[in-house]
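A quick write-up on the structure given underneath.
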Amino acid sequence: MASSSPRRYLIAGNWKMNNTVHEARELVQPIVHDVGQQTDVHVVVCPPFTALAKVAELVVNTNVHLGAQNLYPKASGAYTGEISAGMLRELFVSYVILGHSERREYFQESDAFINEKVKVALENMLKPILCIGETLSQREAGKTLEIVKTQLIAGLKDVSLDKADNVVIAYEPIWAIGTGKTATPEMAQEVHGEIRKTLKDVFGATIANSMRILYGGSMKPNNAAELLAQPDIDGGLIGGASLEAKSFVKLVEAALARKE
């Protein structure tokens, strides 16, 4: 069944703190071989910083795009251990994950700090994948839509209309990350629909309808088709299933099947 959405599906793999340079090569080669030439689905891999240069070499002249997992919102300076947007650009990085729930939880990143990163990414021609989502206790308290809307509006503060459609939103229900729990397709669509509505309020319908909203809560080959069938789910930000080439390729193939 064909997708009625004008938006191209995006399947992005967030490798987190996994894979040495050697392991990164072993993982990305079959992905490039199997889905690196198709153009119907946008494919992004986000290795750790140490493997970016090697993966950049392996994806050159393919349709697999390179993403980073973070950046620091200054051009240079005394920020030991941090990486700037310019450093990422030099490695041909085109996407960057910002505001991931793990950054918010373990590194106490605030909405304002994440917003600073989003704007710096856009100024440097990087496409931010802005992550938003609620904890289990917030969901159980009925605060899901409130939390998601607050994070979304704060994360996009002062983003200009001409740059807005370069932002990708990733909804990650924190309670469904790495737990094996998944929101039902209907639960996910409810939140994605609310995100789209909020984007329309902020940027207007035309831009909001062109922006992609990924689902980031344990999308796997066995649930991808149902999730991707929802009208406002435009792909996935994949964690565990991106660490094995075969499962990641299956997710891309599930998105390709929706385009046929």
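Chain identifiers are assigned as A, B, and so on, following the order in which chains appear in the structure tokens; residues are numbered from 1 within each chain, and ligands are numbered from 1 in order of appearance.
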Residues within 9 Å of Val28 (chain A), only C-alpha atoms, excluding chain neighbours under 4 positions, as a PyMOL selection string: chain A and resi 23-24+32-33+45+55+58-59+245
Could you write out that same residue set with C-alpha atoms as a PDB file, in the first residue's frame?
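Produced file part_39.pdb, reproduced below:
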```
ATOM      1  CA  GLU A  23      32.994  -2.686  14.401  1.00  0.00           C
ATOM      2  CA  ALA A  24      31.530   0.383  12.691  1.00  0.00           C
ATOM      3  CA  VAL A  32      25.547   0.364   2.208  1.00  0.00           C
ATOM      4  CA  HIS A  33      25.455  -2.782   0.079  1.00  0.00           C
ATOM      5  CA  VAL A  45      23.587   6.242  10.478  1.00  0.00           C
ATOM      6  CA  VAL A  55      31.946   5.753   8.274  1.00  0.00           C
ATOM      7  CA  LEU A  58      32.297   4.113   3.600  1.00  0.00           C
ATOM      8  CA  VAL A  59      29.104   6.041   2.747  1.00  0.00           C
ATOM      9  CA  ALA A 245      22.794  -4.628   9.896  1.00  0.00           C
TER      10      ALA A 245
END
```
Leaving out Ile31 (chain A) and any residue of its chain fewer than 4 positions from it, which residues lie within 7 Å of it when counting only C-alpha atoms, given as a list of chain:residue names? A:Val35, A:Gly36, A:Ala245, A:Val249
Please write the residues from the selection above to a file, keeping N, CA and C atoms, as a PDB file, in the first residue's frame.
```
ATOM      1  N   VAL A  35      21.061  -1.199   0.984  1.00  0.00           N
ATOM      2  CA  VAL A  35      20.110  -0.087   0.810  1.00  0.00           C
ATOM      3  C   VAL A  35      20.791   1.230   0.446  1.00  0.00           C
ATOM      4  N   GLY A  36      22.078   1.158   0.082  1.00  0.00           N
ATOM      5  CA  GLY A  36      22.825   2.381  -0.183  1.00  0.00           C
ATOM      6  C   GLY A  36      22.579   3.015  -1.530  1.00  0.00           C
ATOM      7  N   ALA A 245      23.074  -5.079  11.268  1.00  0.00           N
ATOM      8  CA  ALA A 245      22.794  -4.628   9.896  1.00  0.00           C
ATOM      9  C   ALA A 245      21.498  -5.226   9.368  1.00  0.00           C
ATOM     10  N   VAL A 249      18.407  -2.980   8.042  1.00  0.00           N
ATOM     11  CA  VAL A 249      18.013  -3.061   6.628  1.00  0.00           C
ATOM     12  C   VAL A 249      16.537  -3.430   6.513  1.00  0.00           C
TER      13      VAL A 249
END
```
Neighbouring residues of Lys54 (chain A) were defined as those with any atom within 12 Å, considering only C-alpha atoms; residues of the same chain fewer than 3 positions away were excluded. Please report them as a PyMOL selection string. chain A and resi 19-29+47-51+57-60+66+91-93
Using C-alpha atoms, can you write the selected residues to a file as a PDB file, in the first residue's frame?
```
ATOM      1  CA  ASN A  19      31.049   0.162  18.058  1.00  0.00           C
ATOM      2  CA  THR A  20      34.772   0.711  17.692  1.00  0.00           C
ATOM      3  CA  VAL A  21      36.042   1.904  14.315  1.00  0.00           C
ATOM      4  CA  HIS A  22      36.496  -1.722  13.220  1.00  0.00           C
ATOM      5  CA  GLU A  23      32.994  -2.686  14.401  1.00  0.00           C
ATOM      6  CA  ALA A  24      31.530   0.383  12.691  1.00  0.00           C
ATOM      7  CA  ARG A  25      33.034  -0.737   9.382  1.00  0.00           C
ATOM      8  CA  GLU A  26      31.578  -4.246   9.832  1.00  0.00           C
ATOM      9  CA  LEU A  27      28.126  -2.805  10.555  1.00  0.00           C
ATOM     10  CA  VAL A  28      27.929  -0.159   7.847  1.00  0.00           C
ATOM     11  CA  GLN A  29      29.265  -2.162   4.889  1.00  0.00           C
ATOM     12  CA  PRO A  47      28.041   6.386  14.939  1.00  0.00           C
ATOM     13  CA  PRO A  48      30.005   7.612  17.963  1.00  0.00           C
ATOM     14  CA  PHE A  49      32.399  10.482  17.250  1.00  0.00           C
ATOM     15  CA  THR A  50      35.438   8.183  17.018  1.00  0.00           C
ATOM     16  CA  ALA A  51      33.944   6.272  14.079  1.00  0.00           C
ATOM     17  CA  GLU A  57      34.590   7.135   3.881  1.00  0.00           C
ATOM     18  CA  LEU A  58      32.297   4.113   3.600  1.00  0.00           C
ATOM     19  CA  VAL A  59      29.104   6.041   2.747  1.00  0.00           C
ATOM     20  CA  VAL A  60      30.639   8.447   0.209  1.00  0.00           C
ATOM     21  CA  LEU A  66      26.002  10.428   8.108  1.00  0.00           C
ATOM     22  CA  LEU A  91      33.557  15.000   8.245  1.00  0.00           C
ATOM     23  CA  PHE A  92      30.563  15.388   5.885  1.00  0.00           C
ATOM     24  CA  VAL A  93      28.033  14.915   8.679  1.00  0.00           C
TER      25      VAL A  93
END
```
If you run DSSP over the backbone, which residues in region 78-118 of chain A end up helix (DSSP H, G or I)? Put them as number ranges by chain. A: 85-90, 101-106, 111-118
Writing out the chosen residues with N, CA and C atoms as a compact mmCIF listing (two decimals), in the first residue's frame:
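Final file, again11.txt:
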```
# COMPACT_ATOMS: atom_id res chain seq x y z
N ALA A 85 30.06 22.12 15.64
CA ALA A 85 29.36 21.88 14.37
C ALA A 85 30.34 21.89 13.20
N GLY A 86 31.32 22.80 13.24
CA GLY A 86 32.30 22.88 12.16
C GLY A 86 33.13 21.60 12.04
N MET A 87 33.46 21.00 13.17
CA MET A 87 34.20 19.73 13.15
C MET A 87 33.36 18.63 12.49
N LEU A 88 32.06 18.65 12.76
CA LEU A 88 31.17 17.65 12.15
C LEU A 88 31.04 17.88 10.65
N ARG A 89 30.91 19.14 10.27
CA ARG A 89 30.76 19.46 8.84
C ARG A 89 31.98 18.98 8.05
N GLU A 90 33.15 19.11 8.65
CA GLU A 90 34.38 18.72 7.96
C GLU A 90 34.41 17.21 7.67
N SER A 101 16.77 11.76 25.13
CA SER A 101 16.37 11.59 26.53
C SER A 101 17.56 11.24 27.42
N GLU A 102 18.54 10.53 26.86
CA GLU A 102 19.72 10.18 27.67
C GLU A 102 20.57 11.42 27.96
N ARG A 103 20.64 12.35 27.01
CA ARG A 103 21.35 13.61 27.26
C ARG A 103 20.60 14.44 28.31
N ARG A 104 19.28 14.43 28.22
CA ARG A 104 18.48 15.19 29.18
C ARG A 104 18.63 14.60 30.58
N GLU A 105 18.61 13.26 30.67
CA GLU A 105 18.63 12.61 31.98
C GLU A 105 20.03 12.58 32.59
N TYR A 106 21.02 12.05 31.85
CA TYR A 106 22.34 11.83 32.44
C TYR A 106 23.20 13.08 32.48
N ASP A 111 15.92 22.41 28.13
CA ASP A 111 15.30 22.79 26.86
C ASP A 111 16.03 23.98 26.23
N ALA A 112 16.44 24.94 27.07
CA ALA A 112 17.11 26.14 26.54
C ALA A 112 18.46 25.80 25.91
N PHE A 113 19.21 24.89 26.55
CA PHE A 113 20.51 24.47 26.02
C PHE A 113 20.33 23.70 24.71
N ILE A 114 19.34 22.84 24.69
CA ILE A 114 19.05 22.06 23.48
C ILE A 114 18.64 23.00 22.34
N ASN A 115 17.86 24.01 22.65
CA ASN A 115 17.44 25.00 21.66
C ASN A 115 18.65 25.74 21.07
N GLU A 116 19.61 26.05 21.94
CA GLU A 116 20.85 26.70 21.48
C GLU A 116 21.56 25.80 20.45
N LYS A 117 21.62 24.50 20.74
CA LYS A 117 22.25 23.54 19.84
C LYS A 117 21.51 23.45 18.51
N VAL A 118 20.18 23.42 18.58
CA VAL A 118 19.36 23.33 17.35
C VAL A 118 19.69 24.50 16.43
```
Selection: 7 Å around Leu251 (chain A), only C-alpha atoms, excl. self and same-chain fewer than 3 positions, as a VMD selection string: chain A and resid 220 to 221 224 247 to 248 254 to 255
Would you export the selected residues with N, CA and C atoms as an mmCIF file, in the first residue's frame, please?
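After the write, part.cif holds the following:
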```cif
data_model
loop_
_atom_site.group_PDB
_atom_site.id
_atom_site.type_symbol
_atom_site.label_atom_id
_atom_site.label_comp_id
_atom_site.auth_asym_id
_atom_site.auth_seq_id
_atom_site.Cartn_x
_atom_site.Cartn_y
_atom_site.Cartn_z
ATOM 1 N N LYS A 220 10.982 -1.928 15.634
ATOM 2 C CA LYS A 220 11.696 -3.142 15.233
ATOM 3 C C LYS A 220 11.062 -3.688 13.952
ATOM 4 N N PRO A 221 11.743 -4.626 13.268
ATOM 5 C CA PRO A 221 11.171 -5.174 12.039
ATOM 6 C C PRO A 221 9.753 -5.727 12.203
ATOM 7 N N ALA A 224 7.362 -2.401 12.609
ATOM 8 C CA ALA A 224 7.608 -1.209 11.781
ATOM 9 C C ALA A 224 6.462 -0.913 10.823
ATOM 10 N N SER A 247 18.710 -6.286 10.837
ATOM 11 C CA SER A 247 17.466 -5.716 11.362
ATOM 12 C C SER A 247 17.280 -4.274 10.883
ATOM 13 N N PHE A 248 18.391 -3.523 10.789
ATOM 14 C CA PHE A 248 18.285 -2.138 10.313
ATOM 15 C C PHE A 248 17.836 -2.104 8.851
ATOM 16 N N ALA A 254 10.934 -2.082 5.239
ATOM 17 C CA ALA A 254 9.547 -1.871 5.647
ATOM 18 C C ALA A 254 9.049 -0.504 5.179
ATOM 19 N N ALA A 255 9.926 0.503 5.261
ATOM 20 C CA ALA A 255 9.567 1.839 4.766
ATOM 21 C C ALA A 255 9.449 1.840 3.237
#
```
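Near Asn70 (chain A), within a cut-off of 6 Å and counting only C-alpha atoms, sit the residues Val96, Ile97 and Leu98 of chain A, with same-chain residues fewer than 4 positions away left out.
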Limited to C-alpha atoms, could you put the picked residues into a file as an mmCIF file, in the first residue's frame?
```cif
data_model
loop_
_atom_site.group_PDB
_atom_site.id
_atom_site.type_symbol
_atom_site.label_atom_id
_atom_site.label_comp_id
_atom_site.auth_asym_id
_atom_site.auth_seq_id
_atom_site.Cartn_x
_atom_site.Cartn_y
_atom_site.Cartn_z
ATOM 1 C CA VAL A 96 22.829 15.574 14.339
ATOM 2 C CA ILE A 97 20.743 14.096 17.170
ATOM 3 C CA LEU A 98 19.929 16.734 19.798
#
```
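Across A:Arg258, A:Lys16, A:His192, A:Lys200, the tightest approach to Ala170 (chain A) is made by A:His192 when counting only C-alpha atoms.
Coordinates place CA of Ile238 (chain A) at a distance of 7.3 Å from CA of Ile11 (chain A).
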Interface rows for region 148-226 of chain A against region 128-138 of chain A: nearest pair, Å to one decimal, 7 Å, only C-alpha atoms, as a tab-separated table:
```
residue	atom	partner	partner_atom	distance
A:Val148	CA	A:Gly133	CA	5.5
A:Gln151	CA	A:Ile132	CA	6.1
A:Leu152	CA	A:Ile132	CA	6.6
A:Val167	CA	A:Pro128	CA	5.2
A:Val168	CA	A:Ile129	CA	4.6
A:Ile169	CA	A:Leu130	CA	4.9
A:Ala170	CA	A:Cys131	CA	4.6
A:Tyr171	CA	A:Ile132	CA	5.2
A:Glu172	CA	A:Gly133	CA	4.8
A:Pro173	CA	A:Gly133	CA	4.9
A:Ile174	CA	A:Thr135	CA	5.0
A:Trp175	CA	A:Leu136	CA	5.0
```
Using only N, CA and C atoms, please write the residues we just selected to a file, as a compact mmCIF listing (two decimals), in the first residue's frame.
```txt
# COMPACT_ATOMS: atom_id res chain seq x y z
N VAL A 148 5.35 16.89 25.89
CA VAL A 148 5.85 16.87 24.51
C VAL A 148 5.72 18.26 23.87
N GLN A 151 8.36 20.69 25.43
CA GLN A 151 9.72 20.43 24.92
C GLN A 151 9.84 20.87 23.45
N LEU A 152 8.80 20.62 22.67
CA LEU A 152 8.83 20.97 21.25
C LEU A 152 8.93 22.48 21.04
N VAL A 167 14.52 20.78 10.17
CA VAL A 167 14.48 20.13 11.48
C VAL A 167 13.64 18.85 11.37
N VAL A 168 14.16 17.77 11.92
CA VAL A 168 13.42 16.52 12.05
C VAL A 168 13.05 16.38 13.52
N ILE A 169 11.82 16.01 13.81
CA ILE A 169 11.40 15.78 15.19
C ILE A 169 11.39 14.27 15.44
N ALA A 170 11.88 13.85 16.59
CA ALA A 170 11.79 12.43 16.96
C ALA A 170 11.05 12.33 18.29
N TYR A 171 9.88 11.66 18.25
CA TYR A 171 9.13 11.41 19.48
C TYR A 171 9.62 10.11 20.09
N GLU A 172 10.19 10.20 21.28
CA GLU A 172 10.66 8.99 21.95
C GLU A 172 10.01 8.87 23.32
N PRO A 173 8.99 8.01 23.41
CA PRO A 173 8.43 7.73 24.74
C PRO A 173 9.51 7.04 25.56
N ILE A 174 10.02 7.72 26.58
CA ILE A 174 11.21 7.25 27.29
C ILE A 174 10.98 5.87 27.89
N TRP A 175 9.74 5.61 28.29
CA TRP A 175 9.40 4.32 28.90
C TRP A 175 9.47 3.16 27.89
```
Give the strand (DSSP E or B) residues of region 91-245 of chain A, as DSSP finds them on the backbone, and put them as an MDAnalysis selection string. chainID A and resid 95:98 127:132 168:171 213:215 235:238
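Taking only C-alpha atoms into account, Thr206 (chain A) lies nearest to A:Leu161 out of the set A:Leu161, A:Val41, A:Asn222, A:Gln189.
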Computed interatomic separation between CA of Glu82 (chain A) and CA of Glu109 (chain A) (Å): 14.1 Å
